[in-house]
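Comments concern the structure below.
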Protein chains: 4
Amino acid sequence: MKALVYHGPGKKAWEDVPDPRSEQPTDAIVRIDTTTICGTDLHILKGDVPAVQPGRILGHEGVGTIVEVGSAVTTLAKGDRVIVSCIKSCGRCAFCKQAMYAHCLGDEGAPGVGWVLGHLIDGTQAEYVRVPYADNSLYRVPEGVPDEHAVLLSDILPTGFEIGVQYGATKPGDVVAVIGAGPIGLAVIATAGLYGAARIIAIDLDEKRIEQAKKFGASDGISSRDPNWRDKVMAMTDGFGVDVAVEAVGVPETFDMATEIVRPGGHVANVGVHGKPVLLRLQDLWIQNVTITTGLVNTNTTPMLRKLIAEGRLEVGKFITHRFALDDMLASYDTFSRAAETGALKVVIAR
Amino acid sequence: MKALVYHGPGKKAWEDVPDPRSEQPTDAIVRIDTTTICGTDLHILKGDVPAVQPGRILGHEGVGTIVEVGSAVTTLAKGDRVIVSCIKSCGRCAFCKQAMYAHCLGDEGAPGVGWVLGHLIDGTQAEYVRVPYADNSLYRVPEGVPDEHAVLLSDILPTGFEIGVQYGATKPGDVVAVIGAGPIGLAVIATAGLYGAARIIAIDLDEKRIEQAKKFGASDGISSRDPNWRDKVMAMTDGFGVDVAVEAVGVPETFDMATEIVRPGGHVANVGVHGKPVLLRLQDLWIQNVTITTGLVNTNTTPMLRKLIAEGRLEVGKFITHRFALDDMLASYDTFSRAAETGALKVVIAR
Amino acid sequence: MKALVYHGPGKKAWEDVPDPRSEQPTDAIVRIDTTTICGTDLHILKGDVPAVQPGRILGHEGVGTIVEVGSAVTTLAKGDRVIVSCIKSCGRCAFCKQAMYAHCLGDEGAPGVGWVLGHLIDGTQAEYVRVPYADNSLYRVPEGVPDEHAVLLSDILPTGFEIGVQYGATKPGDVVAVIGAGPIGLAVIATAGLYGAARIIAIDLDEKRIEQAKKFGASDGISSRDPNWRDKVMAMTDGFGVDVAVEAVGVPETFDMATEIVRPGGHVANVGVHGKPVLLRLQDLWIQNVTITTGLVNTNTTPMLRKLIAEGRLEVGKFITHRFALDDMLASYDTFSRAAETGALKVVIAR
Amino acid sequence: MKALVYHGPGKKAWEDVPDPRSEQPTDAIVRIDTTTICGTDLHILKGDVPAVQPGRILGHEGVGTIVEVGSAVTTLAKGDRVIVSCIKSCGRCAFCKQAMYAHCLGDEGAPGVGWVLGHLIDGTQAEYVRVPYADNSLYRVPEGVPDEHAVLLSDILPTGFEIGVQYGATKPGDVVAVIGAGPIGLAVIATAGLYGAARIIAIDLDEKRIEQAKKFGASDGISSRDPNWRDKVMAMTDGFGVDVAVEAVGVPETFDMATEIVRPGGHVANVGVHGKPVLLRLQDLWIQNVTITTGLVNTNTTPMLRKLIAEGRLEVGKFITHRFALDDMLASYDTFSRAAETGALKVVIAR
């Protein structure tokens with residue numbers, strides 16, 4: 001089959017590789033019908049994620065059709081149309097039993113953390129993929145939901161909702177500020193209404209992204225180029241700051257911004273992937289009764305978000321900016337990696 | 001009356017001052033029967049808390065007898081024996097209505113934050129004190145509870161319990177590590193059992209303090225001088241770290257230690273008062289689903305802890321290491337300030 | 001002044017009475033600009049609430065202007081435009097400190113439960129009203145919010161939201177069934193989206209009310225006259241029943257219906273006012289891990305709902321079906337009491 | 001092998017039956033080393049549980065040694081010493097993923113509810129038992145924990161803790177009343193301290209059981225034969241009633257008692273198995289903001305309780321009143337069924 005293979009920093013190829021084979025009784029083999037690219041894939045290609053070995057097929061998002069199930073798979077069958085979750089879950093380790101699938105221990109079939117696809121084992125940017133613990137790592141696509149909506153349930157929607165909105169403890173009436181209006185920030189904005197946020201403030205360097213954020217549900221936008229940006233945030237609250245400040249960039253400056261606008265008793269939810277330590281102003285914050293959270297998505301809300309999409313309560317089509325055929329994988333990477341220029345949010349790559 | 005007056009960095013005196021007078025209809029005047037000294041008072045004396053002006057009477061802990069109540073005080077009367085909470089609460093601002101008394105806005109009677117006594121207005125290390133919002137800032141002493149136990153409810157017990165145990169989200173079966181076995185760390189240790197902690201690990205540089213911690217409820221102790229201290233902590237868990245890591249010192253090193261031993265999905269509860277920023281290893285922690293909390297005590301658990309003491313379910317006598325008369329205030333400060341030498345935890349100063 | 005006075009079962013008059021006078025330093029006198037009638041007022045007039053004595057001015061909802069404040073009122077002033085909450089809160093008793101204002105103990109100014117207006121003391125269907133504990137029982141009307149929207153915050157909106165939606169533990173993705181699509185059921189329906197309900201099913205005997213419910217946010221409607229009503233509910237879930245079943249009528253039959261459609265692990269939230277015991281099928285339910293809640297509104301969410309209305313996030317105008325002048329109080333009662341015929345939901349009575 | 005076989009109402013035999021055989025790749029075969037009898041077994045023998053067919057081997061509690069595992073079992077191996085949970089969990093259905101194992105849907109290996117052993121499939125009162133979904137339904141016995149303590153984790157301890165203490169929302173400082181001081185009531189009493197209950201009141205008809213309850217952690221006891229029993233309960237609170245009232249009998253009278261002593265805002269946790277409906281005084285309770293819960297144990301706290309026992313933080317030996325050999329199964333039933341006379345709590349039956 002064809003697959004997108006990582007060959008070390010800066011090198012990738014869409015090339016012929018052997019078809020995946022079932023290894024464990026809990027495995028399924030899925031024919032990929034639709035996949036997409038995540039910012040994390042770009043990080044891997046830069047060499048930022050050393051655990052990814054050359055020769056690895058990338059990709060941890062996808063929708064497809066089951067072509068084979070192992071003997072211990074009981075809830076799925078050949079022919080089922082499924083979402084491949086970016087997080088595998090063995091369903092039996094201590095972390096899985098607490099719905100912390102991000103830290104699934106797994107076993108010989110897929111050890112270590114929850115994120116293995118396109119990381120520790122071959123991923124979804126391919127014609128076929130082996131999915132470990134299929135019963136717990138695949139989700140049926142509801143009738144009427146198109147692949148390109150379903151594929152947003154692999155990673156971006158549960159990540160924005162769980163690590164931004166839920167970890168931020170968003171509650172009805174809250175003022176939520178989202179720093180960084182890229183795809184993941186938009187996923188936070190698009191789902192903050194599920195807990196009744198009263199105001200959602202998009203903060204970004206780029207005015208165009210701020211405008212775009214309003215289409216996803218932001219009620220307000222502030223340019224972080226404005227030297228008075230913080231005062232403007234405060235003016236949108238009762239003067240004490242926001243209830244929830246979501247960091248959706250991954251650099252020290254934006255994390256610091258989040259801690260500057262959170263109110264006493266408020267929450268800072270870090271969603272960004274960080275490569276460096278940050279200086280935490282604990283001399284000011286120790287007395288502020290603030291809560292700071294971090295996290296990799298558990299995907300425990302995937303079935304719930306799927307239901308909202310199926311019921312038409314969560315419109316997600318606007319995340320999709322470009323569409324490619326599977327054989328145009330390299331072109332899709334080119335478009336996605338030049339997002340500032342192309343305006344790419346999610347590029348859909350379909351068979 | 002006599003009072004302990006701050007006269008600028010390094011200077012204090014036990015001297016004659018005018019008696020306090022009622023200023024607002026919600027005030028009470030309390031005759032202090034028992035007071036004590038907090039580590040924060042030593043910080044003030046070093047000049048670390050610039051909001052405290054020379055001339056200020058120090059002290060935010062005390063038990064006494066009401067000698068006068070304002071016209072709007074309805075739940076208390078002259079002669080009532082009361083605990084003076086370190087936090088005043090107006091009972092009507094947005095923060096008070098969410099039980100975040102630490103951030104009580106108050107009004108003309110006592111503006112600003114919740115902690116005003118011995119900070120923004122005159123405090124309890126005196127023969128009498130004016131207490132604003134008496135109905136919400138004073139708590140009746142139950143019959144049978146001695147003053148020297150009740151005075152621990154002014155600050156240290158609710159602080160350890162709320163900011164350490166509760167903000168740490170301690171739950172039955174948890175492994176809790178407390179870094180720093182001074183008075184406030186011991187208050188965390190003494191109350192962690194209220195949420196059923198399975199193991200409580202005291203971590204300190206000082207072996208004597210570790211031994212003492214075991215008398216307060218620690219099941220294990222580890223010297224942080226031991227280069228393998230972290231491995232030892234891990235060995236006391238399932239290898240993934242503690243559920244709750246409480247920082248009870250207030251320096252960057254101990255905060256960092258807390259983040260090194262917390263498990264995926266675990267909590268770091270900062271109780272220490274910090275004067276400097278700390279470097280947060282977000283490059284490691286972003287993926288760990290950890291929660292970090294900070295806080296000044298709200299004292300919303302004071303009535304509950306009072307009930308446990310009255311019922312004999314919380315033994316607190318062991319906090320008291322020294323006793324002084326009110327007129328020996330300066331000697332009590334001397335003993336408390338040389339705690340490493342004198343072994344002082346709480347010094348009780350009684351009329 | 002003029003007021004609507006209860007003169008025993010079946011008897012009421014719009015008549016001259018003495019103006020209210022301030023009694024406690026925490027009181028305010030409010031000139032009523034807008035008031036409305038609640039189903040409870042009709043119960044009182046039938047004699048169903050014996051605690052209401054003849055001579056009592058009815059009404060516990062209103063918006064008005066402060067004309068006088070007591071000496072201990074610090075957050076409000078003469079001239080302020082305010083919402084009168086149906087629940088008074090002293091802000092200092094054990095129940096108020098836990099935000100359970102429904103059970104406020106109060107003191108000599110207004111003893112007993114939280115609901116006193118138009119019940120134990122004179123109410124708001126008058127030209128003026130005395131409001132005890134003004135700082136905690138009145139809420140400023142935000143600029144731009146009309147009286148007739150603000151008056152819905154006195155009772156109906158917080159009741160539907162707190163006792164239906166919150167006590168029902170509604171969470172994103174839930175299927176919520178509301179049994180009874182009268183005013184209070186509609187308040188539940190209108191606010192269930194604040195916790196991201198996926199489907200909201202209105203169940204009623206009356207097809208017209210079901211259609212109306214869809215305008216308030218119901219996604220589905222089922223006639224309880226249909227012998228297969230329960231099967232229809234089940235078909236709208238995964239076959240196990242609804243996550244949240246809200247009883248919004250107040251008779252044994254509808255309570256029983258709620259327990260018949262709740263899923264294992266689900267919630268039954270009783271909002272209806274009951275006059276009779278109900279037979280609880282505990283022989284079936286003991287094993288179902290269900291939660292049943294009851295409650296009088298605490299109004300602790302009033303400021304939050306006010307913010308949502310001010311931000312335009314909660315449209316409430318559709319609750320208002322009729323408008324009257326204050327002097328047409330008796331006509332407004334007539335229209336409201338014949339709701340089945342007149343279609344009255346909330347009748348607004350304005351100065 | 002030998003097993004205790006149900007032969008219809010009133011009929012049981014300790015007789016030869018075929019050995020169990022592995023049926024699914026997720027099964028394990030366990031040699032029973034220790035088992036015990038539950039009150040539910042007596043109900044079955046009376047014919048109260050029609051789902052139990054004649055020919056069924058009874059028993060849902062046990063500790064044993066694995067003699068065989070299926071091909072998909074990855075976390076356990078032959079020779080492991082394990083606790084057999086009374087609830088099976090497939091680890092993959094919607095209920096299991098929310099830790100509601102009591103309602104595990106399972107599949108062809110063990111359909112229906114979570115409780116299947118000794119109910120829908122053969123149970124543990126036998127020399128060997130087939131356990132479906134072994135990875136999720138068996139728990140390793142920690143070193144140093146004797147079988148007769150471990151067997152209490154099969155059912156009684158998690159039931160008392162989850163359905164009584166946790167569903168009752170017990171929190172530090174609470175007054176908890178437990179109505180019925182039989183084995184399950186004692187399990188509630190023994191674990192209420194894990195959430196810091198201030199007072200635990202045992203209420204029973206039998207003075208001897210009340211005295212016994214004090215050895216399990218009750219601070220107070222009240223005879224329900226006393227016509228003033230309710231006044232006595234009220235006097236042990238602030239006059240408003242208990243925070244948590246646990247029903248641990250299973251008859252209408254005791255359920256009603258629980259609703260009579262719960263405070264506004266309090267919880268009634270039903271643990272008892274009911275065979276009849278109960279009359280719920282909703283005409284009084286609708287305004288009381290009470291929460292009523294029911295439930296079959298999920299056993300999601302089994303690993304946590306196991307840890308507390310292993311750490312010596314939960315002493316459970318006192319539950320064991322009698323010991324029998326496996327071949328004396330009928331004698332053990334005789335002793336257990338005459339508990340009023342023999343004082344039996346848990347009878348341990350060991351190989």
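By convention here, the chains of the structure tokens are called A, B, ... in the order presented, each chain's residues are numbered starting at 1, and ligands are numbered starting at 1 in the order presented.
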- Taking the DSSP assignment computed from this structure's backbone, write out as a ChimeraX atom specification all residues of segment 175-298 of chain A that belong to strand (DSSP E or B). /A:175-179,199-204,220-223,242-247,262-270,278-280,291-293
Can I get the residues of chain B within 12 Å of chain D, each with the closest pair of atoms and their distance in Å to one decimal, using only C-alpha atoms, sorted chain first then ascending number, as a tab-separated table?
```
residue	atom	partner	partner_atom	distance
B:Phe161	CA	D:Pro172	CA	10.6
B:Glu162	CA	D:Pro172	CA	11.6
B:Val165	CA	D:Pro172	CA	11.4
B:Gln166	CA	D:Pro172	CA	10.5
B:Thr170	CA	D:Tyr195	CA	10.1
B:Lys171	CA	D:Tyr195	CA	8.0
B:Pro172	CA	D:Leu194	CA	5.9
B:Gly173	CA	D:Met304	CA	5.3
B:Asp174	CA	D:Met304	CA	8.2
B:Val175	CA	D:Lys307	CA	10.2
B:Thr191	CA	D:Gly196	CA	9.3
B:Ala192	CA	D:Gly196	CA	9.5
B:Gly193	CA	D:Gly196	CA	7.3
B:Leu194	CA	D:Gly196	CA	4.2
B:Tyr195	CA	D:Tyr195	CA	4.7
B:Gly196	CA	D:Leu194	CA	4.2
B:Ala197	CA	D:Leu194	CA	7.9
B:Ala198	CA	D:Leu308	CA	5.7
B:Arg199	CA	D:Glu311	CA	7.7
B:Ile200	CA	D:Glu311	CA	11.2
B:Gly217	CA	D:Arg313	CA	11.7
B:Ser219	CA	D:Glu311	CA	9.5
B:Asp220	CA	D:Glu311	CA	11.5
B:Met236	CA	D:Glu311	CA	10.9
B:Thr237	CA	D:Lys307	CA	10.7
B:Asp238	CA	D:Lys307	CA	10.8
B:Thr301	CA	D:Gly173	CA	9.3
B:Thr302	CA	D:Gly173	CA	10.5
B:Pro303	CA	D:Gly173	CA	8.9
B:Met304	CA	D:Gly173	CA	5.3
B:Leu305	CA	D:Gly173	CA	7.0
B:Arg306	CA	D:Gly173	CA	8.9
B:Lys307	CA	D:Gly173	CA	6.6
B:Leu308	CA	D:Ala198	CA	5.7
B:Ile309	CA	D:Ala198	CA	9.1
B:Ala310	CA	D:Ala198	CA	9.4
B:Glu311	CA	D:Ala198	CA	6.8
B:Gly312	CA	D:Ala198	CA	8.7
B:Arg313	CA	D:Ala198	CA	6.6
B:Leu314	CA	D:Ala198	CA	9.3
```
What does the file look like for those residues with C-alpha atoms, as a tab-separated table (two decimals), in the first residue's frame?
```tsv
chain	number	residue	atom	x	y	z
B	161	PHE	CA	-6.95	21.81	54.94
B	162	GLU	CA	-8.36	24.11	52.25
B	165	VAL	CA	-5.90	18.98	51.16
B	166	GLN	CA	-8.98	20.31	49.36
B	170	THR	CA	-7.32	14.58	47.91
B	171	LYS	CA	-9.59	11.54	47.75
B	172	PRO	CA	-9.81	8.22	49.55
B	173	GLY	CA	-6.86	5.96	48.78
B	174	ASP	CA	-4.56	8.75	47.60
B	175	VAL	CA	-0.85	8.98	48.20
B	191	THR	CA	-6.12	16.95	58.00
B	192	ALA	CA	-5.36	14.79	54.94
B	193	GLY	CA	-7.09	11.87	56.63
B	194	LEU	CA	-10.39	13.74	56.35
B	195	TYR	CA	-10.42	12.63	52.72
B	196	GLY	CA	-9.08	9.16	53.41
B	197	ALA	CA	-5.47	9.45	52.20
B	198	ALA	CA	-3.87	5.99	52.13
B	199	ARG	CA	-0.30	7.22	52.56
B	200	ILE	CA	1.01	10.60	53.67
B	217	GLY	CA	-0.32	11.53	60.79
B	219	SER	CA	2.80	7.35	57.36
B	220	ASP	CA	6.21	7.83	55.74
B	236	MET	CA	5.90	4.36	47.57
B	237	THR	CA	3.48	4.68	44.67
B	238	ASP	CA	2.79	2.41	41.71
B	301	THR	CA	-14.27	25.30	56.28
B	302	THR	CA	-13.75	26.89	59.69
B	303	PRO	CA	-17.19	25.85	61.04
B	304	MET	CA	-16.64	22.30	59.80
B	305	LEU	CA	-13.18	22.00	61.37
B	306	ARG	CA	-14.58	23.52	64.56
B	307	LYS	CA	-17.19	20.77	64.65
B	308	LEU	CA	-14.56	18.07	64.23
B	309	ILE	CA	-12.53	19.53	67.09
B	310	ALA	CA	-15.62	19.80	69.30
B	311	GLU	CA	-16.49	16.17	68.52
B	312	GLY	CA	-12.96	15.06	69.39
B	313	ARG	CA	-12.35	13.86	65.81
B	314	LEU	CA	-9.37	16.15	65.20
```
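Proximity to Met1 of chain B was assessed for B:Tyr139, B:Leu326, B:Asp48, B:Pro158 counting only C-alpha atoms; the smallest distance is recorded for B:Leu326.
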Contacts of segment 281-334 of chain B with segment 24-37 of chain B up to 12 Å, shortest pair per row, only C-alpha atoms, as a Markdown table:
```
| residue | atom | partner | partner_atom | distance |
| --- | --- | --- | --- | --- |
| B:Phe319 | CA | B:Thr36 | CA | 11.6 |
| B:Ile320 | CA | B:Thr36 | CA | 10.0 |
| B:Thr321 | CA | B:Thr36 | CA | 11.4 |
| B:His322 | CA | B:Thr36 | CA | 10.2 |
| B:Arg323 | CA | B:Thr36 | CA | 9.4 |
| B:Phe324 | CA | B:Thr36 | CA | 9.5 |
| B:Ala325 | CA | B:Thr34 | CA | 9.0 |
| B:Leu326 | CA | B:Thr34 | CA | 8.0 |
| B:Asp327 | CA | B:Thr34 | CA | 11.7 |
| B:Asp328 | CA | B:Thr36 | CA | 11.8 |
| B:Met329 | CA | B:Thr36 | CA | 9.3 |
| B:Leu330 | CA | B:Ile37 | CA | 10.9 |
| B:Ala331 | CA | B:Ile37 | CA | 11.6 |
| B:Ser332 | CA | B:Ile37 | CA | 8.2 |
| B:Tyr333 | CA | B:Ile37 | CA | 7.3 |
| B:Asp334 | CA | B:Ile37 | CA | 10.7 |
```
- Query: Can you list, as a count of residues only, every residue of segment 69-145 of chain A that DSSP puts in helix (DSSP H, G or I)?
  - Reply: 10
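Atom CA of Gly275 of chain B is found 24.3 Å from atom CA of Thr335 of chain B.
Atom CA of Pro132 of chain B is found 17.6 Å from atom CA of Asn136 of chain C.
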- Name all residues at most 10 Å from Ser137 of chain C (count only C-alpha atoms; drop same-chain ones fewer than 4 positions away) and give them as a ChimeraX atom specification. /B:92 /C:27-28,82-91,101,114,131-133,154,299
Would you output that residue set with N, CA and C atoms, as a PDB file, in the first residue's frame?
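Contents of the output file part-v3.pdb:
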```pdb
ATOM      1  N   ARG B  92     -21.557  39.757  51.285  1.00  0.00           N
ATOM      2  CA  ARG B  92     -22.460  40.320  50.285  1.00  0.00           C
ATOM      3  C   ARG B  92     -21.800  40.595  48.939  1.00  0.00           C
TER       4      ARG B  92
ATOM      5  N   ASP C  27     -32.712  46.660  55.790  1.00  0.00           N
ATOM      6  CA  ASP C  27     -33.877  46.735  54.892  1.00  0.00           C
ATOM      7  C   ASP C  27     -33.681  47.751  53.763  1.00  0.00           C
ATOM      8  N   ALA C  28     -34.446  47.552  52.700  1.00  0.00           N
ATOM      9  CA  ALA C  28     -34.636  48.604  51.696  1.00  0.00           C
ATOM     10  C   ALA C  28     -36.121  48.687  51.381  1.00  0.00           C
ATOM     11  N   VAL C  82     -33.617  47.772  40.645  1.00  0.00           N
ATOM     12  CA  VAL C  82     -33.271  46.453  41.169  1.00  0.00           C
ATOM     13  C   VAL C  82     -34.313  45.381  40.875  1.00  0.00           C
ATOM     14  N   ILE C  83     -33.813  44.143  40.824  1.00  0.00           N
ATOM     15  CA  ILE C  83     -34.665  42.958  40.774  1.00  0.00           C
ATOM     16  C   ILE C  83     -34.890  42.520  42.221  1.00  0.00           C
ATOM     17  N   VAL C  84     -36.142  42.285  42.580  1.00  0.00           N
ATOM     18  CA  VAL C  84     -36.451  41.720  43.896  1.00  0.00           C
ATOM     19  C   VAL C  84     -36.446  40.204  43.749  1.00  0.00           C
ATOM     20  N   SER C  85     -35.537  39.536  44.434  1.00  0.00           N
ATOM     21  CA  SER C  85     -35.477  38.079  44.365  1.00  0.00           C
ATOM     22  C   SER C  85     -36.616  37.467  45.169  1.00  0.00           C
ATOM     23  N   CYS C  86     -37.153  36.363  44.705  1.00  0.00           N
ATOM     24  CA  CYS C  86     -38.229  35.706  45.461  1.00  0.00           C
ATOM     25  C   CYS C  86     -37.713  35.121  46.770  1.00  0.00           C
ATOM     26  N   ILE C  87     -36.396  35.027  46.894  1.00  0.00           N
ATOM     27  CA  ILE C  87     -35.775  34.437  48.085  1.00  0.00           C
ATOM     28  C   ILE C  87     -34.928  35.499  48.769  1.00  0.00           C
ATOM     29  N   LYS C  88     -35.170  35.726  50.066  1.00  0.00           N
ATOM     30  CA  LYS C  88     -34.304  36.646  50.809  1.00  0.00           C
ATOM     31  C   LYS C  88     -33.133  35.835  51.351  1.00  0.00           C
ATOM     32  N   SER C  89     -32.043  36.544  51.564  1.00  0.00           N
ATOM     33  CA  SER C  89     -30.839  35.886  52.083  1.00  0.00           C
ATOM     34  C   SER C  89     -30.168  36.817  53.066  1.00  0.00           C
ATOM     35  N   CYS C  90     -29.979  36.315  54.284  1.00  0.00           N
ATOM     36  CA  CYS C  90     -29.346  37.158  55.309  1.00  0.00           C
ATOM     37  C   CYS C  90     -27.836  37.241  55.103  1.00  0.00           C
ATOM     38  N   GLY C  91     -27.274  36.258  54.359  1.00  0.00           N
ATOM     39  CA  GLY C  91     -25.837  36.286  54.059  1.00  0.00           C
ATOM     40  C   GLY C  91     -24.954  35.881  55.215  1.00  0.00           C
ATOM     41  N   TYR C 101     -29.757  29.637  49.875  1.00  0.00           N
ATOM     42  CA  TYR C 101     -30.581  30.744  50.355  1.00  0.00           C
ATOM     43  C   TYR C 101     -32.035  30.323  50.531  1.00  0.00           C
ATOM     44  N   GLY C 114     -36.255  30.918  53.140  1.00  0.00           N
ATOM     45  CA  GLY C 114     -35.824  31.961  52.227  1.00  0.00           C
ATOM     46  C   GLY C 114     -36.983  32.691  51.556  1.00  0.00           C
ATOM     47  N   VAL C 131     -37.978  45.150  51.546  1.00  0.00           N
ATOM     48  CA  VAL C 131     -37.162  43.974  51.253  1.00  0.00           C
ATOM     49  C   VAL C 131     -36.104  43.810  52.342  1.00  0.00           C
ATOM     50  N   PRO C 132     -36.179  42.719  53.093  1.00  0.00           N
ATOM     51  CA  PRO C 132     -35.171  42.498  54.133  1.00  0.00           C
ATOM     52  C   PRO C 132     -33.840  42.074  53.519  1.00  0.00           C
ATOM     53  N   TYR C 133     -32.742  42.340  54.261  1.00  0.00           N
ATOM     54  CA  TYR C 133     -31.393  41.944  53.801  1.00  0.00           C
ATOM     55  C   TYR C 133     -31.165  42.409  52.366  1.00  0.00           C
ATOM     56  N   SER C 154     -36.605  37.139  38.974  1.00  0.00           N
ATOM     57  CA  SER C 154     -37.071  37.054  40.371  1.00  0.00           C
ATOM     58  C   SER C 154     -37.287  35.607  40.789  1.00  0.00           C
ATOM     59  N   THR C 299     -31.707  30.815  44.137  1.00  0.00           N
ATOM     60  CA  THR C 299     -31.397  32.079  43.441  1.00  0.00           C
ATOM     61  C   THR C 299     -29.915  32.421  43.480  1.00  0.00           C
TER      62      THR C 299
END
```
- Query: So how far away is atom CA of Lys2 of chain C from atom CA of Glu127 of chain C, in Å?
  - Reply: 6.0 Å
With a distance cut-off of 9 Å and only C-alpha atoms, select the neighbouring residues of Ile201 of chain A, excluding the residue or stretch itself and same-chain residues fewer than 6 positions from it, and output the selection as a PDB file with C-alpha atoms, in the first residue's frame.
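Below is the file that was written, around09.pdb:
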```pdb
ATOM      1  CA  VAL A 175     -15.963  34.844  30.432  1.00  0.00           C
ATOM      2  CA  VAL A 176     -13.502  32.655  28.535  1.00  0.00           C
ATOM      3  CA  ALA A 177     -10.402  34.045  26.832  1.00  0.00           C
ATOM      4  CA  VAL A 178      -8.657  31.912  24.237  1.00  0.00           C
ATOM      5  CA  ILE A 179      -5.104  32.961  23.459  1.00  0.00           C
ATOM      6  CA  ILE A 189     -14.081  28.455  20.967  1.00  0.00           C
ATOM      7  CA  ALA A 213     -12.758  33.203  15.396  1.00  0.00           C
ATOM      8  CA  LYS A 214     -16.019  35.113  15.536  1.00  0.00           C
ATOM      9  CA  ALA A 218     -16.121  34.132  19.748  1.00  0.00           C
ATOM     10  CA  SER A 219     -18.150  37.089  20.988  1.00  0.00           C
ATOM     11  CA  ASP A 220     -15.136  39.391  21.150  1.00  0.00           C
ATOM     12  CA  GLY A 221     -11.635  39.695  19.713  1.00  0.00           C
ATOM     13  CA  ILE A 222      -8.519  41.484  20.912  1.00  0.00           C
ATOM     14  CA  VAL A 233      -9.670  42.074  28.553  1.00  0.00           C
ATOM     15  CA  MET A 236     -14.779  42.897  29.312  1.00  0.00           C
TER      16      MET A 236
END
```
